[in-house]
Amino acid sequence: MAKNRTSVGYRLGKAHQRAFRVRDLLLFGSVRALDRIQDPHNLGAILRNAHFFGVDGVIVTERESSPLSPTVSRASAGAMEAMDMYVTTNLSKLMERSDGWHVVGTAIPDLNSRTPASPIHSVKTRGPTIVVFGNEGEGLKPAVLRSCNELVWIPSGRARAVEAGVGMLDSLNVSVACGIVLSKLRGNEFLHGAGR
């Protein structure tokens with residue numbers, strides 16, 4: 001693929017790859033970005049969730065991510081072939097250039113973060129939106145976190161037990177979290193073509 005100084009990655013097609021720019025995403029109302037999802041079954045499940053909930057396109061990072069393999073395709077139940085897929089070489093740079101888009105990151109609440117996190121049920125996003133899901137172990141990279149306009153989290157039914165040291169888990173599998181977030185946001189306009 002020829003390099004393009006204005007591109008932020010490339011689009012995956014059945015027969016070829018071509019450079020894409022942020023403005024190419026303006027055709028969409030709802031995009032999901034995946035920051036270094038490494039497990040192929042997680043990636044496939046996320047793509048299946050995204051397709052089911054009407055997401056227009058999915059962006060994956062070029063490095064430290066699972067390749068789009070037959071295993072991912074099977075886990076996605078064919079959604080991988082049915083969706084618009086993009087690969088970016090620099091997710092934080094892409095997000096910084098996304099003027100007009102509202103970028104929502106998913107993260108466990110951190111009192112030290114410059115961007116406070118809100119419970120997912122309180123989010124009222126409208127218009128073209130990119131929702132970003134992070135790596136299974138480390139979450140979103142710091143540069144990606146800083147590029148988000150808003151952070152959201154999923155409240156746990158065992159929050160008090162975890163705080164008391166009784167519970168063992170403080171987060172969900174990323175594909176499960178993706179399904180919950182998409183379900184909660186489904187009623188918002190951006191999941192039904194806002195911004196097209």
# chains A, B, ... in the order shown; residues from 1 in each chain; ligands from 1

$ residues_around --residues "Ile108 of chain A" --least-positions-apart "4" --cutoff "10 Å" --atoms "only C-alpha atoms" --output "PDB file with C-alpha atoms, in the first residue's frame"
ATOM      1  CA  ALA A 117     -15.760   8.682  34.328  1.00  0.00           C
ATOM      2  CA  SER A 118     -19.562   8.515  34.398  1.00  0.00           C
ATOM      3  CA  PRO A 119     -21.773   5.445  34.897  1.00  0.00           C
ATOM      4  CA  GLY A 139      -7.285  -0.960  29.208  1.00  0.00           C
ATOM      5  CA  LEU A 151     -15.124   8.250  29.963  1.00  0.00           C
ATOM      6  CA  VAL A 152     -17.804   5.743  30.953  1.00  0.00           C
ATOM      7  CA  TRP A 153     -17.859   2.704  33.190  1.00  0.00           C
ATOM      8  CA  ILE A 154     -20.235  -0.132  34.028  1.00  0.00           C
ATOM      9  CA  PRO A 155     -21.282  -0.166  37.699  1.00  0.00           C
ATOM     10  CA  ASP A 170     -13.566  -5.395  39.452  1.00  0.00           C
ATOM     11  CA  SER A 171     -14.104  -5.606  35.687  1.00  0.00           C
TER      12      SER A 171
END

$ closest_residue --among "A:Ile59, A:Leu43, A:Val72, A:Ile120" --to "Thr106 of chain A" --atoms "only C-alpha atoms"
A:Ile120

$ atom_distance --atom1 "atom CA of Glu62 of chain A" --atom2 "atom CA of Val87 of chain A"
5.7 Å

$ atom_distance --atom1 "atom CA of Ala79 of chain A" --atom2 "atom CA of Leu145 of chain A"
27.4 Å
